[in-house]
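The structure appears below as structure tokens.
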Amino acid sequence: MIRQEHEFAIDVFDSGGRPLGRSLVSPDWAPLAEHVHFSGIRHGVLAAAMSQPPADLSPVWHLKRGAPLVGGVRIEMSGPTGQRHGASFGLSCFDAESRRVAGKLVDAGNLKNGEVFRYRVLAARREQPEAPSGRMALLDVEEIETPLVMVESSRQEFLDRSMGLGVRSDTDDGVLDVFVAQAVVEQCVDRVRAAGDLETGGVLIGRLRRDAAAGAAGVFLEITAHLPAQHTDQRKMQVTFTDRTWAAAREALALRQSDESIVGWFHSHPDFCGKCTAEKRANCSLNGIFFSTTDVSLHRTMFCRAWQVGLLLSNRPAGIIPALYGWQNGAVAARPFHLLAPPDQSPDHDLLIALGMADGGGQSVIRDVSGPGCQWSVVRCQLEGTATGRATDH
């Protein structure tokens with residue numbers, strides 16, 4: 001439950017500053033609350049449980065211009081001893097709503113598709129609190145607390161037999177360490193090769209671990225196995241997971257009779273530009289390494305816990321390039337991870353060649369796996385209290 005005493009609105013202006021209207025907005029706060037919850041667990045303030053305590057959401061007023069202009073929001077929760085834990089989020093948490101509002105303006109003819117617009121966010125206290133349901137409950141329901149299981153382990157032992165992969169960003173500080181077993185990557189690479197020009201996918205299982213001596217950084221994720229997705233609809237541009245896919249994955253997990261759980265998913269991108277000229281390939285957005293809007297939507301819907309991740313393998317001339325995506329500050333973003341070798345072994349060199357991370361002579365290769373993962377960008381001007389975006393009709 002997220003409690004808030006304010007409602008939010010977005011004012012939209014065209015590129016010349018002409019006002020186009022004001023719209024009330026209701027962003028999806030759940031990913032932000034999930035981030036605060038898991039952060040509180042990692043810092044030892046909140047109980048290690050699957051269910052969230054009630055959250056309080058309030059506006060963060062603009063640094064220079066103050067209320068009612070909003071510079072972001074803050075979410076806080078209370079631990080068992082009453083200690084508070086929270087985090088503040090910038091204007092990016094209104095990105096999706098600004099796109100929705102701009103899309104309506106495009107439909108109404110007030111903005112052109114592709115036109116740059118400006119917006120600002122305002123907040124006002126609700127005139128009256130949200131009314132509770134008028135129906136009387138026939139049964140008193142008591143929630144049974146489900147603990148969040150974390151296995152005590154040495155983080156350093158995992159670091160000692162792993163190598164870092166993936167991309168880094170300015171927001172990596174405090175990001176959850178993820179260790180992907182070498183065997184998992186090998187199996188996924190085999191599936192990518194077998195799928196050819198079609199996308200393929202699967203479910204990742206593993207366990208959360210905690211090194212009590214390492215503080216907040218001591219919580220990390222180990223991906224132990226990959227369950228091939230059954231009953232999927234495979235196409236060149238997408239793979240669709242069905243209800244039967246999830247049912248089969250849960251049955252396979254139950255058969256393992258272990259302490260593992262579903263911690264994410266895997267899918268591939270074939271070489272979309274395989275028949276393109278070198279010039280077209282260099283300028284094609286599909287030639288990059290990216291999570292599409294469909295990928296992000298599936299991740300938000302099916303893998304909404306802060307520790308759940310998506311492993312992407314992109315078939316490119318340089319190799320089958322791995323990238324990991326996961327939650328960072330309530331948003332899905334590319335992030336670093338660790339390739340975990342078996343005990344007393346180094347990462348397999350043939351696998352590194354397949355991943356484009358080494359050449360045949362035994363030399364490591366550093367590759368930029370960044371790509372156009374976001375199909376709509378925002379340039380924030382928080383000192384002025386506005387942000388700019390590009391309008392679309394979808």
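Just so we're on the same page: first chain in the structure tokens is A, next is B, and so on; residues restart at 1 for each chain, and ligands are numbered from 1 in the order they show up.
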
Please identify all polymer residues within 9 Å of His6 of chain A, counting only C-alpha atoms, omitting same-chain residues fewer than 2 positions from it, and present them as a VMD selection string.
chain A and resid 4 8 57 to 59 123 to 127

For Asp14 of chain A: contacts at 7 Å, only C-alpha atoms, fewer than 5 positions along chain excluded, given as JSON, numbers by chain:
{"A": [19, 20, 116, 117, 118]}

Distance query His37 of chain A at most 9 Å, only C-alpha atoms, self and fewer than 2 positions along chain excluded, as a PDB file with C-alpha atoms, in the first residue's frame:
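So the final result, stored in result_1.pdb, reads:
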ATOM      1  CA  LEU A  32       9.916   2.777  -6.921  1.00  0.00           C
ATOM      2  CA  ALA A  33       8.359   1.262  -3.800  1.00  0.00           C
ATOM      3  CA  GLU A  34       9.927  -2.098  -4.671  1.00  0.00           C
ATOM      4  CA  HIS A  35      13.337  -0.404  -4.934  1.00  0.00           C
ATOM      5  CA  SER A  39      17.150  -1.366  -0.423  1.00  0.00           C
ATOM      6  CA  GLY A  40      15.821  -1.339   3.129  1.00  0.00           C
ATOM      7  CA  ILE A  41      16.293  -5.110   3.352  1.00  0.00           C
ATOM      8  CA  ARG A  42      19.861  -4.856   2.065  1.00  0.00           C
ATOM      9  CA  LEU A  46      13.391  -3.481   6.851  1.00  0.00           C
ATOM     10  CA  SER A  51       5.528  -8.348   1.318  1.00  0.00           C
ATOM     11  CA  GLN A  52       6.151  -4.617   1.613  1.00  0.00           C
ATOM     12  CA  PRO A  53       5.324  -2.510   4.635  1.00  0.00           C
ATOM     13  CA  ALA A  55       4.893   3.246   2.010  1.00  0.00           C
ATOM     14  CA  GLU A  76       9.687   6.023   2.847  1.00  0.00           C
ATOM     15  CA  MET A  77       8.860   2.872   4.827  1.00  0.00           C
ATOM     16  CA  HIS A  85      14.176   3.978   5.256  1.00  0.00           C
ATOM     17  CA  GLY A  86      13.564   5.834   2.013  1.00  0.00           C
ATOM     18  CA  ALA A 306      14.030  -5.569  -7.464  1.00  0.00           C
TER      19      ALA A 306
END

May I ask which of the residues A:Ser314, A:Leu352, A:Ala254, A:Trp246 is the closest one to Met302 of chain A, counting only C-alpha atoms?
A:Trp246

Set the distance at 6 Å and use only C-alpha atoms: which residues neighbour segment 89-92 of chain A once local chain neighbours fewer than 2 positions away are removed? I'd like the list as a ChimeraX atom specification.
/A:71-73,94-95

Preceding selection exported with C-alpha atoms as a PDB file, in the first residue's frame:
ATOM      1  CA  GLY A  71      11.649  18.132  -8.693  1.00  0.00           C
ATOM      2  CA  GLY A  72      10.859  14.500  -7.848  1.00  0.00           C
ATOM      3  CA  VAL A  73       9.247  12.306  -5.195  1.00  0.00           C
ATOM      4  CA  PHE A  94       7.232  11.001 -14.662  1.00  0.00           C
ATOM      5  CA  ASP A  95       8.686   9.976 -18.050  1.00  0.00           C
TER       6      ASP A  95
END

Nearest to Arg18 of chain A by atom-to-atom distance, counting only C-alpha atoms, from A:Gln187, A:Asn110, A:Leu255, A:Thr200:
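Closest residue, counting only C-alpha atoms: A:Asn110.
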
With 7 Å as the cut-off and only C-alpha atoms counted, what is the closest atom pair between each nearby residue of segment 139-246 of chain A and segment 270-275 of chain A? Distances in Å to one decimal, ordered by chain and number, as CSV.
residue,atom,partner,partner_atom,distance
A:Asp197,CA,A:Pro270,CA,5.5
A:Leu198,CA,A:Pro270,CA,6.3
A:Glu199,CA,A:Pro270,CA,6.2

For the residues selected in the previous step, produce a file with C-alpha atoms as a tab-separated table (two decimals), in the first residue's frame.
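Saved to again-v2.tsv:
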chain	number	residue	atom	x	y	z
A	197	ASP	CA	16.97	-16.35	-37.33
A	198	LEU	CA	14.29	-16.74	-34.64
A	199	GLU	CA	14.27	-15.36	-31.12

Could you write out, as a compact mmCIF listing (two decimals) with N, CA and C atoms, in the first residue's frame, all the residues of segment 66-264 of chain A that DSSP marks as helix (DSSP H, G or I)?
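Contents of selection_32.txt, as written:
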# COMPACT_ATOMS: atom_id res chain seq x y z
N LEU A 91 12.84 13.64 -11.76
CA LEU A 91 11.73 13.80 -12.70
C LEU A 91 11.57 12.59 -13.62
N SER A 92 12.58 11.72 -13.70
CA SER A 92 12.46 10.58 -14.60
C SER A 92 11.28 9.68 -14.24
N CYS A 93 10.81 9.73 -13.00
CA CYS A 93 9.68 8.88 -12.63
C CYS A 93 8.38 9.34 -13.29
N PHE A 94 8.40 10.51 -13.93
CA PHE A 94 7.23 11.00 -14.66
C PHE A 94 7.38 10.81 -16.17
N ASP A 95 8.44 10.15 -16.61
CA ASP A 95 8.69 9.98 -18.05
C ASP A 95 7.51 9.32 -18.76
N ALA A 96 7.03 8.20 -18.22
CA ALA A 96 5.96 7.46 -18.89
C ALA A 96 4.70 8.30 -18.98
N GLU A 97 4.38 9.03 -17.92
CA GLU A 97 3.17 9.85 -17.95
C GLU A 97 3.32 11.02 -18.92
N SER A 98 4.51 11.60 -19.02
CA SER A 98 4.71 12.70 -19.98
C SER A 98 4.54 12.18 -21.41
N ARG A 99 4.99 10.94 -21.68
CA ARG A 99 4.79 10.36 -23.00
C ARG A 99 3.31 10.16 -23.29
N ARG A 100 2.59 9.68 -22.27
CA ARG A 100 1.15 9.46 -22.45
C ARG A 100 0.43 10.76 -22.74
N VAL A 101 0.73 11.80 -21.98
CA VAL A 101 0.09 13.09 -22.17
C VAL A 101 0.44 13.66 -23.55
N ALA A 102 1.71 13.57 -23.94
CA ALA A 102 2.13 14.06 -25.25
C ALA A 102 1.45 13.30 -26.37
N GLY A 103 1.26 11.98 -26.19
CA GLY A 103 0.57 11.19 -27.20
C GLY A 103 -0.85 11.66 -27.43
N LYS A 104 -1.54 12.03 -26.35
CA LYS A 104 -2.91 12.54 -26.48
C LYS A 104 -2.92 13.87 -27.23
N LEU A 105 -1.90 14.69 -26.98
CA LEU A 105 -1.82 15.98 -27.68
C LEU A 105 -1.54 15.77 -29.17
N VAL A 106 -0.76 14.73 -29.49
CA VAL A 106 -0.54 14.40 -30.90
C VAL A 106 -1.85 13.96 -31.54
N ASP A 107 -2.60 13.11 -30.84
CA ASP A 107 -3.89 12.63 -31.37
C ASP A 107 -4.86 13.79 -31.59
N ARG A 155 30.79 -13.45 -0.30
CA ARG A 155 30.79 -12.71 -1.56
C ARG A 155 32.17 -12.74 -2.22
N GLN A 156 33.22 -12.67 -1.41
CA GLN A 156 34.56 -12.66 -1.97
C GLN A 156 34.87 -13.95 -2.70
N GLU A 157 34.35 -15.09 -2.19
CA GLU A 157 34.59 -16.37 -2.86
C GLU A 157 33.99 -16.36 -4.27
N PHE A 158 32.85 -15.73 -4.42
CA PHE A 158 32.22 -15.63 -5.74
C PHE A 158 33.01 -14.68 -6.63
N LEU A 159 33.49 -13.58 -6.08
CA LEU A 159 34.28 -12.64 -6.87
C LEU A 159 35.58 -13.27 -7.35
N ASP A 160 36.18 -14.11 -6.51
CA ASP A 160 37.48 -14.70 -6.84
C ASP A 160 37.40 -15.63 -8.06
N GLN A 182 28.61 -20.15 -15.41
CA GLN A 182 29.13 -20.35 -16.76
C GLN A 182 28.28 -21.35 -17.55
N ALA A 183 27.83 -22.40 -16.89
CA ALA A 183 27.02 -23.42 -17.57
C ALA A 183 25.72 -22.83 -18.10
N VAL A 184 25.14 -21.85 -17.38
CA VAL A 184 23.91 -21.20 -17.84
C VAL A 184 24.16 -20.47 -19.14
N VAL A 185 25.25 -19.69 -19.20
CA VAL A 185 25.56 -18.94 -20.41
C VAL A 185 25.85 -19.90 -21.57
N GLU A 186 26.57 -20.97 -21.31
CA GLU A 186 26.87 -21.95 -22.36
C GLU A 186 25.58 -22.54 -22.94
N GLN A 187 24.64 -22.90 -22.08
CA GLN A 187 23.38 -23.47 -22.55
C GLN A 187 22.58 -22.46 -23.36
N CYS A 188 22.57 -21.21 -22.91
CA CYS A 188 21.84 -20.17 -23.63
C CYS A 188 22.47 -19.90 -24.99
N VAL A 189 23.80 -19.90 -25.06
CA VAL A 189 24.49 -19.73 -26.35
C VAL A 189 24.10 -20.84 -27.31
N ASP A 190 24.05 -22.08 -26.82
CA ASP A 190 23.65 -23.21 -27.67
C ASP A 190 22.23 -23.01 -28.21
N ARG A 191 21.34 -22.48 -27.39
CA ARG A 191 19.96 -22.26 -27.82
C ARG A 191 19.89 -21.16 -28.87
N VAL A 192 20.72 -20.12 -28.71
CA VAL A 192 20.74 -19.04 -29.70
C VAL A 192 21.19 -19.58 -31.06
N ARG A 193 22.23 -20.39 -31.06
CA ARG A 193 22.72 -20.97 -32.31
C ARG A 193 21.66 -21.86 -32.95
N ALA A 194 20.98 -22.66 -32.14
CA ALA A 194 19.97 -23.57 -32.68
C ALA A 194 18.76 -22.82 -33.23
N ALA A 195 18.46 -21.64 -32.64
CA ALA A 195 17.28 -20.89 -33.06
C ALA A 195 17.48 -20.19 -34.40
N ALA A 212 26.97 -11.52 5.53
CA ALA A 212 26.64 -10.62 6.64
C ALA A 212 27.76 -9.66 6.97
N ALA A 213 29.01 -10.01 6.63
CA ALA A 213 30.15 -9.17 6.97
C ALA A 213 30.32 -8.01 5.99
N ALA A 214 29.57 -8.02 4.88
CA ALA A 214 29.78 -7.01 3.83
C ALA A 214 28.72 -5.94 3.78
N GLY A 215 27.82 -5.87 4.75
CA GLY A 215 26.82 -4.83 4.79
C GLY A 215 25.84 -4.93 3.64
N ALA A 216 25.39 -3.75 3.13
CA ALA A 216 24.41 -3.73 2.05
C ALA A 216 24.95 -4.40 0.79
N ALA A 217 26.26 -4.28 0.54
CA ALA A 217 26.86 -4.90 -0.64
C ALA A 217 26.92 -6.41 -0.52
N GLY A 218 26.65 -6.94 0.68
CA GLY A 218 26.75 -8.38 0.90
C GLY A 218 25.59 -9.17 0.36
N ASP A 243 0.82 -18.72 -21.09
CA ASP A 243 0.48 -19.27 -19.78
C ASP A 243 1.07 -20.66 -19.61
N ARG A 244 1.08 -21.44 -20.68
CA ARG A 244 1.65 -22.79 -20.62
C ARG A 244 3.16 -22.73 -20.38
N THR A 245 3.81 -21.67 -20.88
CA THR A 245 5.25 -21.50 -20.64
C THR A 245 5.53 -21.38 -19.16
N TRP A 246 4.77 -20.51 -18.48
CA TRP A 246 5.00 -20.27 -17.05
C TRP A 246 4.63 -21.51 -16.23
N ALA A 247 3.56 -22.20 -16.62
CA ALA A 247 3.17 -23.41 -15.89
C ALA A 247 4.26 -24.47 -16.00
N ALA A 248 4.82 -24.65 -17.20
CA ALA A 248 5.88 -25.64 -17.39
C ALA A 248 7.12 -25.27 -16.60
N ALA A 249 7.43 -23.97 -16.54
CA ALA A 249 8.61 -23.52 -15.78
C ALA A 249 8.43 -23.81 -14.30
N ARG A 250 7.24 -23.55 -13.77
CA ARG A 250 6.99 -23.80 -12.34
C ARG A 250 7.07 -25.30 -12.04
N GLU A 251 6.55 -26.12 -12.95
CA GLU A 251 6.63 -27.57 -12.74
C GLU A 251 8.08 -28.05 -12.75
N ALA A 252 8.88 -27.53 -13.70
CA ALA A 252 10.29 -27.92 -13.78
C ALA A 252 11.05 -27.49 -12.53
N LEU A 253 10.73 -26.31 -12.03
CA LEU A 253 11.38 -25.83 -10.81
C LEU A 253 11.02 -26.71 -9.62
N ALA A 254 9.76 -27.12 -9.52
CA ALA A 254 9.34 -27.98 -8.42
C ALA A 254 10.06 -29.32 -8.45
N LEU A 255 10.31 -29.83 -9.65
CA LEU A 255 10.99 -31.12 -9.78
C LEU A 255 12.43 -31.06 -9.28
N ARG A 256 13.04 -29.88 -9.26
CA ARG A 256 14.43 -29.76 -8.80
C ARG A 256 14.53 -29.92 -7.28

Just checking: using only C-alpha atoms, which residue out of A:Ile75, A:Val180, A:Leu111, A:Met163 ends up closest to Phe13 of chain A?
A:Leu111

Looking at A:Val149, A:Leu298, A:Leu312, A:Leu165, which one is nearest to Leu208 of chain A, with distances taken over only C-alpha atoms?
A:Val149

State, in Å with one decimal place, the distance from atom CA of Pro342 of chain A to atom CA of Pro317 of chain A.
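Separation of atom CA of Pro342 of chain A and atom CA of Pro317 of chain A: 28.1 Å.
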
Can you pull out the residues contacting Ala225 of chain A? Cut-off 7 Å, using only C-alpha atoms, and skip same-chain residues under 6 positions away; I want them as a PyMOL selection string.
chain A and resi 184+204-206

Any chance you could export the current selection's N, CA and C atoms as a compact mmCIF listing (two decimals), in the first residue's frame?
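Dumped to result26.txt:
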# COMPACT_ATOMS: atom_id res chain seq x y z
N VAL A 184 25.14 -21.85 -17.38
CA VAL A 184 23.91 -21.20 -17.84
C VAL A 184 24.16 -20.47 -19.14
N LEU A 204 15.19 -18.03 -15.92
CA LEU A 204 16.39 -18.16 -15.10
C LEU A 204 15.99 -18.43 -13.65
N ILE A 205 16.66 -19.39 -13.04
CA ILE A 205 16.40 -19.66 -11.63
C ILE A 205 17.71 -19.51 -10.85
N GLY A 206 17.57 -19.28 -9.58
CA GLY A 206 18.75 -19.07 -8.74
C GLY A 206 18.35 -18.78 -7.32

Taking 2 positions as the minimum chain separation for residues in the same chain, which residues sit within 6 Å of Arg210 of chain A when counting only C-alpha atoms? Answer as a PyMOL selection string.
chain A and resi 150-153+212+218-219

What is the atom CA of Ala358 of chain A-atom CA of Ile289 of chain A distance in Å, reported with one decimal?
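Computing the Euclidean distance for atom CA of Ala358 of chain A and atom CA of Ile289 of chain A yields 18.3 Å.
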